[in-house]
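Q: Before I ask anything, let me first share the structure, which is written out below as structure tokens.
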Amino acid sequence: MIERTISLTNPRGLPFQVDVRVPNEQRTYPVVVICHGFKGFKDFAFFPYTSRQLCAQGLAVITMNFSGNGIGDDPLNFTALDRFEHNTISQELDDVAVVLDGIASGSVLGAQGDVQRIGIMGHSRGGCTALIKASEDPRLRCVVTWASPAALGRYSDDVLRQWKAAGRYNFVNARTRQDMFVNYAYVEDLQANRDRFSLDLAVSRLTIAYLTVHGTDDESVAVDAAHRLHSYARGGQAELALVEGGTHTFGTKQPFEGSTSALEQAIDRTAAWFRRWLG
């Protein structure tokens, strides 16, 4: 397996890094792009392990940091909270577009990436971003979500009032105890793109295969979200994979201490899906 990290820049001039993993054989491979969730990053918990497992299945795998995820020069800690504060879904979609453009041009994978066989996967809120992109970019052939919400912007009226009045809202990181503010521009971006960011519409518009993976014991996003997402999809090209006992991170934590039965189930279903639809 060949692994490397490269730096990219989005149209807003913001840099971000992606990890590229390809099997050792020198040939062309189907490609999978992996998106992390809110307060996530490419080196969080199960992402490196999962990427390597998918790569071992004959896939070229790109695990990306979003440009506004709060990760700077330190790959494991949030040291760029100013960028986190000003992140939006539109910005994340721009980041994914840069990665797809890099695959198409050869600047990310060279000749080892098959531009006709690209899939996308997202965890938690990254699943929302992946679904929106999959619904509008014809370069993507299939999509997988792990523990994804069924809607964006489900905030109480009280939170929205406080958010608008202060201009930002504090989403304290339970793991690191850091204050992680998000600017009200995030809400304005959702409001300005209601139809585009509507997940029921995005999933119903999919013309590609969609696998929904969700743990039955998810403490952050109830498993009902998976049933809802699956219900929006077209018949025949959509499957729902429930992981019995799986939590939001499939029993893993940061720092990663090893795989779990739940994670292995999620990886196995995901690898089989990408092999099926990317060939």
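Here, A, B, ... name the chains of the structure tokens in the order displayed, residue numbers run from 1 inside each chain, and ligands are numbered from 1 in the same displayed order.
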For the contact check between stretch 17-94 of chain A and stretch 172-184 of chain A, emit one row per residue of stretch 17-94 of chain A within 7 Å, containing the shortest atom pair and the distance in Å rounded to one decimal, counting only C-alpha atoms, chain then rising number order, as a Markdown table.
A:
| residue | atom | partner | partner_atom | distance |
| --- | --- | --- | --- | --- |
| A:Leu81 | CA | A:Met180 | CA | 6.7 |
| A:Phe84 | CA | A:Val182 | CA | 6.9 |
| A:Glu85 | CA | A:Val182 | CA | 4.2 |
| A:His86 | CA | A:Asn183 | CA | 5.6 |
Q: Restrict the selected residues to N, CA and C atoms and save them as a CSV table (one decimal), in the first residue's frame.
A:
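Saved the output as again36.csv:
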chain,number,residue,atom,x,y,z
A,81,LEU,N,-9.4,27.3,15.0
A,81,LEU,CA,-10.8,27.5,15.3
A,81,LEU,C,-11.4,28.7,14.6
A,84,PHE,N,-12.8,27.1,11.6
A,84,PHE,CA,-14.0,26.3,12.0
A,84,PHE,C,-15.2,27.2,12.1
A,85,GLU,N,-15.0,28.3,12.7
A,85,GLU,CA,-16.1,29.3,13.0
A,85,GLU,C,-16.8,29.7,11.7
A,86,HIS,N,-16.1,29.8,10.6
A,86,HIS,CA,-16.6,30.3,9.4
A,86,HIS,C,-16.9,29.3,8.3
Q: Write out as a PyMOL selection string the residues lying within 8 Å of A:Arg125, counting only C-alpha atoms and excluding same-chain residues fewer than 6 positions away.
A: chain A and resi 36-38+148-149
Q: Counting only C-alpha atoms, give me one row per residue of stretch 78-196 of chain A with an atom at most 8 Å from an atom of stretch 2-15 of chain A, showing the shortest contact pair and its distance in Å to one decimal, sorted by chain then residue number, as a Markdown table.
A:
| residue | atom | partner | partner_atom | distance |
| --- | --- | --- | --- | --- |
| A:Asp94 | CA | A:Asn10 | CA | 6.5 |
| A:Asp95 | CA | A:Asn10 | CA | 5.7 |
| A:Val98 | CA | A:Asn10 | CA | 6.2 |
| A:Val99 | CA | A:Leu8 | CA | 7.9 |
| A:Val108 | CA | A:Ile6 | CA | 7.8 |
Q: Write to file, as a short mmCIF file (atom, residue, chain, number, x, y, z; two decimals), in the first residue's frame, the residues of the selection just made, with N, CA, C and O atoms.
A:
data_model
loop_
_atom_site.label_atom_id
_atom_site.label_comp_id
_atom_site.auth_asym_id
_atom_site.auth_seq_id
_atom_site.Cartn_x
_atom_site.Cartn_y
_atom_site.Cartn_z
N ASP A 94 -17.58 22.86 -1.95
CA ASP A 94 -16.47 23.37 -2.77
C ASP A 94 -15.22 22.53 -2.57
O ASP A 94 -14.49 22.24 -3.53
N ASP A 95 -14.96 22.12 -1.32
CA ASP A 95 -13.78 21.30 -1.03
C ASP A 95 -13.87 19.96 -1.77
O ASP A 95 -12.88 19.50 -2.36
N VAL A 98 -13.08 20.31 -5.38
CA VAL A 98 -11.64 20.43 -5.64
C VAL A 98 -11.00 19.05 -5.70
O VAL A 98 -10.15 18.77 -6.55
N VAL A 99 -11.39 18.16 -4.79
CA VAL A 99 -10.86 16.79 -4.80
C VAL A 99 -11.26 16.07 -6.08
O VAL A 99 -10.43 15.43 -6.74
N VAL A 108 -4.21 14.46 -8.22
CA VAL A 108 -4.34 13.80 -6.91
C VAL A 108 -3.89 12.35 -6.95
O VAL A 108 -3.18 11.89 -6.06
#
Q: Tell me, which residues of stretch 18-214 of chain A carry DSSP strand (DSSP E or B), written as a compact mmCIF listing (two decimals) with all heavy atoms, in the first residue's frame?
A:
# COMPACT_ATOMS: atom_id res chain seq x y z
N VAL A 18 -5.41 16.16 2.24
CA VAL A 18 -6.07 14.87 2.02
C VAL A 18 -5.03 13.77 2.10
O VAL A 18 -3.86 13.97 1.74
CB VAL A 18 -6.79 14.81 0.65
CG1 VAL A 18 -7.82 15.92 0.53
CG2 VAL A 18 -5.80 14.87 -0.49
N ASP A 19 -5.44 12.62 2.62
CA ASP A 19 -4.59 11.43 2.62
C ASP A 19 -4.99 10.56 1.43
O ASP A 19 -6.18 10.29 1.21
CB ASP A 19 -4.77 10.63 3.91
CG ASP A 19 -4.13 11.30 5.10
OD1 ASP A 19 -3.24 12.17 4.90
OD2 ASP A 19 -4.50 10.98 6.24
N VAL A 20 -4.00 10.13 0.68
CA VAL A 20 -4.22 9.30 -0.50
C VAL A 20 -3.62 7.93 -0.23
O VAL A 20 -2.45 7.82 0.16
CB VAL A 20 -3.58 9.93 -1.75
CG1 VAL A 20 -3.75 9.00 -2.96
CG2 VAL A 20 -4.18 11.30 -2.03
N ARG A 21 -4.42 6.89 -0.44
CA ARG A 21 -3.93 5.51 -0.28
C ARG A 21 -4.29 4.71 -1.53
O ARG A 21 -5.45 4.70 -1.95
CB ARG A 21 -4.55 4.87 0.96
CG ARG A 21 -4.13 5.55 2.26
CD ARG A 21 -4.76 4.89 3.48
NE ARG A 21 -4.21 5.44 4.72
CZ ARG A 21 -4.73 6.50 5.37
NH1 ARG A 21 -5.81 7.10 4.89
NH2 ARG A 21 -4.16 6.94 6.48
N VAL A 22 -3.29 4.04 -2.08
CA VAL A 22 -3.51 3.18 -3.25
C VAL A 22 -2.82 1.84 -3.00
O VAL A 22 -1.79 1.79 -2.33
CB VAL A 22 -3.00 3.83 -4.56
CG1 VAL A 22 -3.80 5.06 -4.91
CG2 VAL A 22 -1.51 4.16 -4.45
N TYR A 29 -7.29 2.18 -10.48
CA TYR A 29 -8.20 1.66 -9.46
C TYR A 29 -9.47 2.52 -9.38
O TYR A 29 -9.43 3.74 -9.62
CB TYR A 29 -7.54 1.68 -8.09
CG TYR A 29 -6.31 0.84 -7.99
CD1 TYR A 29 -5.05 1.42 -8.15
CD2 TYR A 29 -6.39 -0.53 -7.73
CE1 TYR A 29 -3.90 0.64 -8.06
CE2 TYR A 29 -5.24 -1.30 -7.64
CZ TYR A 29 -4.00 -0.71 -7.80
OH TYR A 29 -2.87 -1.48 -7.72
N PRO A 30 -10.58 1.90 -8.99
CA PRO A 30 -11.76 2.70 -8.62
C PRO A 30 -11.39 3.59 -7.43
O PRO A 30 -10.51 3.24 -6.63
CB PRO A 30 -12.79 1.65 -8.22
CG PRO A 30 -12.30 0.36 -8.78
CD PRO A 30 -10.81 0.46 -8.82
N VAL A 31 -12.08 4.70 -7.29
CA VAL A 31 -11.72 5.71 -6.28
C VAL A 31 -12.87 5.91 -5.30
O VAL A 31 -14.03 5.96 -5.70
CB VAL A 31 -11.38 7.06 -6.94
CG1 VAL A 31 -10.91 8.06 -5.90
CG2 VAL A 31 -10.31 6.88 -8.03
N VAL A 32 -12.52 6.05 -4.02
CA VAL A 32 -13.50 6.40 -2.99
C VAL A 32 -13.01 7.64 -2.26
O VAL A 32 -11.87 7.69 -1.80
CB VAL A 32 -13.70 5.24 -1.98
CG1 VAL A 32 -14.59 5.69 -0.82
CG2 VAL A 32 -14.30 4.04 -2.67
N VAL A 33 -13.88 8.63 -2.15
CA VAL A 33 -13.59 9.86 -1.40
C VAL A 33 -14.37 9.80 -0.09
O VAL A 33 -15.57 9.55 -0.09
CB VAL A 33 -14.01 11.12 -2.20
CG1 VAL A 33 -13.74 12.38 -1.38
CG2 VAL A 33 -13.27 11.17 -3.53
N ILE A 34 -13.67 10.02 1.05
CA ILE A 34 -14.30 9.91 2.36
C ILE A 34 -14.36 11.28 3.05
O ILE A 34 -13.34 11.96 3.17
CB ILE A 34 -13.54 8.91 3.26
CG1 ILE A 34 -13.54 7.52 2.61
CG2 ILE A 34 -14.17 8.84 4.64
CD1 ILE A 34 -12.81 6.46 3.41
N CYS A 35 -15.56 11.64 3.52
CA CYS A 35 -15.80 12.93 4.18
C CYS A 35 -16.08 12.72 5.67
O CYS A 35 -16.95 11.91 6.02
CB CYS A 35 -17.01 13.63 3.56
SG CYS A 35 -16.93 13.84 1.77
N ALA A 60 -8.63 2.84 -4.56
CA ALA A 60 -7.84 4.03 -4.24
C ALA A 60 -8.71 4.89 -3.32
O ALA A 60 -9.85 5.19 -3.66
CB ALA A 60 -7.48 4.80 -5.50
N VAL A 61 -8.20 5.26 -2.16
CA VAL A 61 -9.01 5.92 -1.14
C VAL A 61 -8.43 7.28 -0.80
O VAL A 61 -7.24 7.41 -0.51
CB VAL A 61 -9.12 5.06 0.14
CG1 VAL A 61 -10.05 5.72 1.15
CG2 VAL A 61 -9.62 3.65 -0.20
N ILE A 62 -9.29 8.29 -0.82
CA ILE A 62 -8.91 9.66 -0.46
C ILE A 62 -9.71 10.08 0.75
O ILE A 62 -10.94 10.17 0.69
CB ILE A 62 -9.17 10.63 -1.63
CG1 ILE A 62 -8.36 10.21 -2.86
CG2 ILE A 62 -8.82 12.06 -1.21
CD1 ILE A 62 -8.74 10.98 -4.12
N THR A 63 -9.03 10.29 1.87
CA THR A 63 -9.69 10.75 3.09
C THR A 63 -9.34 12.22 3.28
O THR A 63 -8.16 12.56 3.39
CB THR A 63 -9.22 9.93 4.31
OG1 THR A 63 -9.29 8.55 4.00
CG2 THR A 63 -10.09 10.21 5.52
N MET A 64 -10.35 13.07 3.32
CA MET A 64 -10.09 14.51 3.28
C MET A 64 -10.41 15.22 4.58
O MET A 64 -11.30 14.83 5.33
CB MET A 64 -10.89 15.15 2.15
CG MET A 64 -12.40 15.00 2.25
SD MET A 64 -13.27 15.70 0.82
CE MET A 64 -12.85 17.45 0.98
N ILE A 71 -8.73 22.06 11.81
CA ILE A 71 -7.41 21.45 11.86
C ILE A 71 -6.43 22.29 11.05
O ILE A 71 -6.68 22.59 9.88
CB ILE A 71 -7.44 20.01 11.31
CG1 ILE A 71 -8.31 19.12 12.19
CG2 ILE A 71 -6.03 19.44 11.19
CD1 ILE A 71 -7.77 18.86 13.58
N PHE A 78 -7.43 20.63 17.24
CA PHE A 78 -8.09 21.81 16.67
C PHE A 78 -7.31 23.07 17.06
O PHE A 78 -7.41 23.56 18.18
CB PHE A 78 -9.53 21.91 17.17
CG PHE A 78 -10.41 20.78 16.70
CD1 PHE A 78 -10.85 19.82 17.60
CD2 PHE A 78 -10.78 20.66 15.37
CE1 PHE A 78 -11.66 18.77 17.18
CE2 PHE A 78 -11.58 19.61 14.93
CZ PHE A 78 -12.02 18.67 15.84
N GLY A 113 -5.98 6.63 -10.64
CA GLY A 113 -7.39 6.87 -10.33
C GLY A 113 -8.25 6.77 -11.58
O GLY A 113 -8.00 7.46 -12.57
N ASP A 114 -9.26 5.91 -11.55
CA ASP A 114 -10.17 5.74 -12.68
C ASP A 114 -11.27 6.80 -12.58
O ASP A 114 -12.15 6.70 -11.73
CB ASP A 114 -10.76 4.33 -12.66
CG ASP A 114 -11.58 4.03 -13.92
OD1 ASP A 114 -12.03 4.99 -14.58
OD2 ASP A 114 -11.77 2.84 -14.22
N VAL A 115 -11.23 7.77 -13.44
CA VAL A 115 -12.18 8.89 -13.37
C VAL A 115 -13.60 8.47 -13.72
O VAL A 115 -14.55 9.22 -13.46
CB VAL A 115 -11.74 10.05 -14.30
CG1 VAL A 115 -10.39 10.59 -13.87
CG2 VAL A 115 -11.70 9.61 -15.76
N GLN A 116 -13.76 7.27 -14.29
CA GLN A 116 -15.09 6.77 -14.61
C GLN A 116 -15.70 5.95 -13.47
O GLN A 116 -16.85 5.54 -13.55
CB GLN A 116 -15.03 5.90 -15.88
CG GLN A 116 -14.52 6.62 -17.10
CD GLN A 116 -15.37 7.82 -17.47
OE1 GLN A 116 -16.59 7.74 -17.42
NE2 GLN A 116 -14.73 8.91 -17.85
N ARG A 117 -14.92 5.71 -12.40
CA ARG A 117 -15.39 4.88 -11.29
C ARG A 117 -15.04 5.54 -9.96
O ARG A 117 -14.06 5.20 -9.31
CB ARG A 117 -14.78 3.48 -11.38
CG ARG A 117 -15.20 2.69 -12.60
CD ARG A 117 -14.69 1.26 -12.53
NE ARG A 117 -13.24 1.19 -12.65
CZ ARG A 117 -12.51 0.10 -12.37
NH1 ARG A 117 -13.11 -0.99 -11.93
NH2 ARG A 117 -11.21 0.11 -12.53
N ILE A 118 -15.85 6.53 -9.57
CA ILE A 118 -15.62 7.27 -8.34
C ILE A 118 -16.84 7.16 -7.44
O ILE A 118 -17.98 7.39 -7.87
CB ILE A 118 -15.33 8.77 -8.61
CG1 ILE A 118 -14.19 8.94 -9.60
CG2 ILE A 118 -15.00 9.49 -7.29
CD1 ILE A 118 -13.96 10.38 -10.02
N GLY A 119 -16.62 6.80 -6.19
CA GLY A 119 -17.68 6.77 -5.19
C GLY A 119 -17.36 7.73 -4.06
O GLY A 119 -16.23 8.20 -3.92
N ILE A 120 -18.35 8.03 -3.25
CA ILE A 120 -18.17 8.95 -2.13
C ILE A 120 -18.82 8.37 -0.88
O ILE A 120 -19.85 7.69 -0.96
CB ILE A 120 -18.72 10.35 -2.45
CG1 ILE A 120 -18.28 11.37 -1.40
CG2 ILE A 120 -20.24 10.33 -2.62
CD1 ILE A 120 -18.54 12.82 -1.80
N MET A 121 -18.19 8.63 0.27
CA MET A 121 -18.69 8.14 1.55
C MET A 121 -18.57 9.26 2.56
O MET A 121 -17.61 10.03 2.54
CB MET A 121 -17.85 6.93 1.98
CG MET A 121 -18.03 6.50 3.42
SD MET A 121 -16.90 5.13 3.80
CE MET A 121 -16.83 5.26 5.59
N GLY A 122 -19.54 9.38 3.47
CA GLY A 122 -19.48 10.40 4.50
C GLY A 122 -20.00 9.88 5.83
O GLY A 122 -20.96 9.11 5.88
N HIS A 123 -19.34 10.30 6.90
CA HIS A 123 -19.77 9.94 8.26
C HIS A 123 -20.44 11.12 8.93
O HIS A 123 -19.97 12.26 8.83
CB HIS A 123 -18.56 9.50 9.09
CG HIS A 123 -18.88 9.26 10.54
ND1 HIS A 123 -18.51 10.12 11.54
CD2 HIS A 123 -19.58 8.26 11.14
CE1 HIS A 123 -18.94 9.66 12.70
NE2 HIS A 123 -19.58 8.53 12.49
N LEU A 140 -19.82 11.07 -9.87
CA LEU A 140 -19.94 10.09 -8.79
C LEU A 140 -20.86 8.95 -9.20
O LEU A 140 -21.96 9.17 -9.71
CB LEU A 140 -20.45 10.77 -7.53
CG LEU A 140 -19.47 11.80 -6.93
CD1 LEU A 140 -20.13 12.62 -5.84
CD2 LEU A 140 -18.22 11.10 -6.39
N ARG A 141 -20.40 7.71 -8.94
CA ARG A 141 -21.12 6.52 -9.39
C ARG A 141 -21.93 5.84 -8.28
O ARG A 141 -22.84 5.07 -8.55
CB ARG A 141 -20.13 5.52 -9.97
CG ARG A 141 -19.50 5.97 -11.29
CD ARG A 141 -20.40 5.66 -12.45
NE ARG A 141 -20.70 4.23 -12.51
CZ ARG A 141 -19.91 3.32 -13.07
NH1 ARG A 141 -18.77 3.69 -13.63
NH2 ARG A 141 -20.27 2.05 -13.09
N CYS A 142 -21.57 6.08 -7.01
CA CYS A 142 -22.31 5.51 -5.90
C CYS A 142 -21.96 6.26 -4.63
O CYS A 142 -20.97 7.00 -4.58
CB CYS A 142 -22.04 4.01 -5.73
SG CYS A 142 -20.33 3.60 -5.39
N VAL A 143 -22.79 6.09 -3.58
CA VAL A 143 -22.61 6.83 -2.34
C VAL A 143 -22.93 5.94 -1.16
O VAL A 143 -23.83 5.09 -1.22
CB VAL A 143 -23.49 8.12 -2.34
CG1 VAL A 143 -24.95 7.80 -2.52
CG2 VAL A 143 -23.25 8.93 -1.07
N VAL A 144 -22.18 6.14 -0.06
CA VAL A 144 -22.42 5.43 1.20
C VAL A 144 -22.41 6.47 2.32
O VAL A 144 -21.54 7.35 2.35
CB VAL A 144 -21.33 4.38 1.48
CG1 VAL A 144 -21.56 3.71 2.84
CG2 VAL A 144 -21.26 3.35 0.37
N THR A 145 -23.39 6.38 3.23
CA THR A 145 -23.34 7.22 4.42
C THR A 145 -23.26 6.34 5.66
O THR A 145 -23.86 5.28 5.73
CB THR A 145 -24.57 8.14 4.53
OG1 THR A 145 -25.78 7.36 4.57
CG2 THR A 145 -24.63 9.12 3.37
N TRP A 146 -22.48 6.82 6.62
CA TRP A 146 -22.37 6.19 7.93
C TRP A 146 -22.94 7.16 8.97
O TRP A 146 -22.47 8.30 9.07
CB TRP A 146 -20.91 5.91 8.29
CG TRP A 146 -20.28 4.72 7.62
CD1 TRP A 146 -20.72 4.05 6.52
CD2 TRP A 146 -19.06 4.07 8.03
NE1 TRP A 146 -19.85 3.03 6.20
CE2 TRP A 146 -18.83 3.01 7.12
CE3 TRP A 146 -18.15 4.29 9.06
CZ2 TRP A 146 -17.72 2.17 7.22
CZ3 TRP A 146 -17.04 3.45 9.16
CH2 TRP A 146 -16.84 2.40 8.25
N ARG A 168 -22.85 34.23 16.58
CA ARG A 168 -22.17 32.93 16.57
C ARG A 168 -22.71 32.09 17.72
O ARG A 168 -23.31 32.63 18.66
CB ARG A 168 -20.65 33.08 16.67
CG ARG A 168 -20.16 33.76 17.95
CD ARG A 168 -18.65 33.83 17.94
NE ARG A 168 -18.10 34.29 19.21
CZ ARG A 168 -16.82 34.19 19.57
NH1 ARG A 168 -15.96 33.63 18.74
NH2 ARG A 168 -16.40 34.62 20.73
N TYR A 169 -22.47 30.78 17.64
CA TYR A 169 -22.97 29.87 18.68
C TYR A 169 -21.87 28.90 19.06
O TYR A 169 -21.11 28.44 18.20
CB TYR A 169 -24.20 29.11 18.19
CG TYR A 169 -24.97 28.41 19.29
CD1 TYR A 169 -25.89 29.11 20.07
CD2 TYR A 169 -24.76 27.06 19.57
CE1 TYR A 169 -26.58 28.48 21.09
CE2 TYR A 169 -25.46 26.42 20.58
CZ TYR A 169 -26.37 27.14 21.34
OH TYR A 169 -27.05 26.52 22.36
N ASN A 170 -21.80 28.60 20.36
CA ASN A 170 -20.74 27.75 20.87
C ASN A 170 -21.18 26.28 20.92
O ASN A 170 -22.08 25.93 21.69
CB ASN A 170 -20.31 28.22 22.26
CG ASN A 170 -19.09 27.48 22.79
OD1 ASN A 170 -18.43 26.74 22.05
ND2 ASN A 170 -18.76 27.70 24.04
N PHE A 181 -16.94 27.77 18.28
CA PHE A 181 -17.98 28.67 17.80
C PHE A 181 -18.24 28.47 16.31
O PHE A 181 -17.33 28.18 15.53
CB PHE A 181 -17.60 30.12 18.07
CG PHE A 181 -17.60 30.49 19.53
CD1 PHE A 181 -16.43 30.45 20.27
CD2 PHE A 181 -18.78 30.87 20.15
CE1 PHE A 181 -16.43 30.80 21.62
CE2 PHE A 181 -18.80 31.21 21.50
CZ PHE A 181 -17.60 31.18 22.24
N VAL A 182 -19.50 28.64 15.94
CA VAL A 182 -19.91 28.62 14.53
C VAL A 182 -20.64 29.92 14.23
O VAL A 182 -21.60 30.28 14.91
CB VAL A 182 -20.82 27.41 14.22
CG1 VAL A 182 -21.28 27.45 12.77
CG2 VAL A 182 -20.09 26.10 14.51
N ASN A 183 -20.18 30.61 13.21
CA ASN A 183 -20.77 31.89 12.82
C ASN A 183 -22.20 31.71 12.29
O ASN A 183 -22.53 30.67 11.72
CB ASN A 183 -19.89 32.55 11.75
CG ASN A 183 -20.21 34.00 11.53
OD1 ASN A 183 -21.15 34.32 10.82
ND2 ASN A 183 -19.42 34.88 12.11
N ALA A 209 -26.40 4.37 -6.99
CA ALA A 209 -26.67 3.47 -5.88
C ALA A 209 -26.31 4.10 -4.54
O ALA A 209 -25.27 4.76 -4.41
CB ALA A 209 -25.88 2.17 -6.07
N TYR A 210 -27.15 3.86 -3.53
CA TYR A 210 -26.97 4.47 -2.21
C TYR A 210 -27.11 3.43 -1.11
O TYR A 210 -28.14 2.77 -0.98
CB TYR A 210 -27.99 5.60 -2.02
CG TYR A 210 -28.04 6.19 -0.62
CD1 TYR A 210 -26.90 6.28 0.18
CD2 TYR A 210 -29.24 6.68 -0.10
CE1 TYR A 210 -26.95 6.82 1.45
CE2 TYR A 210 -29.29 7.23 1.18
CZ TYR A 210 -28.15 7.30 1.95
OH TYR A 210 -28.20 7.83 3.21
N LEU A 211 -26.06 3.30 -0.29
CA LEU A 211 -26.07 2.42 0.88
C LEU A 211 -26.09 3.27 2.15
O LEU A 211 -25.22 4.12 2.35
CB LEU A 211 -24.84 1.52 0.89
CG LEU A 211 -24.65 0.64 2.13
CD1 LEU A 211 -25.77 -0.42 2.22
CD2 LEU A 211 -23.28 -0.03 2.12
N THR A 212 -27.06 3.01 3.02
CA THR A 212 -27.17 3.69 4.31
C THR A 212 -26.71 2.75 5.41
O THR A 212 -27.32 1.70 5.62
CB THR A 212 -28.64 4.10 4.59
OG1 THR A 212 -29.17 4.78 3.45
CG2 THR A 212 -28.73 5.00 5.80
N VAL A 213 -25.63 3.11 6.12
CA VAL A 213 -25.09 2.30 7.21
C VAL A 213 -25.32 3.05 8.52
O VAL A 213 -25.00 4.25 8.62
CB VAL A 213 -23.59 2.01 7.01
CG1 VAL A 213 -23.05 1.16 8.16
CG2 VAL A 213 -23.34 1.33 5.67
N HIS A 214 -25.85 2.36 9.54
CA HIS A 214 -26.16 3.05 10.79
C HIS A 214 -26.15 2.04 11.94
O HIS A 214 -26.64 0.92 11.80
CB HIS A 214 -27.53 3.71 10.72
CG HIS A 214 -27.65 4.97 11.50
ND1 HIS A 214 -27.71 6.22 10.91
CD2 HIS A 214 -27.71 5.21 12.83
CE1 HIS A 214 -27.82 7.15 11.84
NE2 HIS A 214 -27.81 6.56 13.02
Q: My list of candidates is A:Thr28, A:Ala130, A:Lys42, A:Asp200. Which is closest to A:Arg234 when distances are computed with only C-alpha atoms?
A: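 The answer is A:Asp200, which sits nearest to A:Arg234.
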Q: For A:Ala150, please output as a PyMOL selection string all residues within 9 Å (counting only C-alpha atoms; exclusion window: fewer than 3 positions along the same chain).
A: chain A and resi 128+199-200+221+224-229
Q: Considering only C-alpha atoms, state which residue in the set A:Phe47, A:Phe41, A:Trp163, A:Phe197 is at the smallest distance from A:Pro75.
A: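 Going through A:Phe47, A:Phe41, A:Trp163, A:Phe197 one by one, the smallest distance to A:Pro75 is for A:Phe41.
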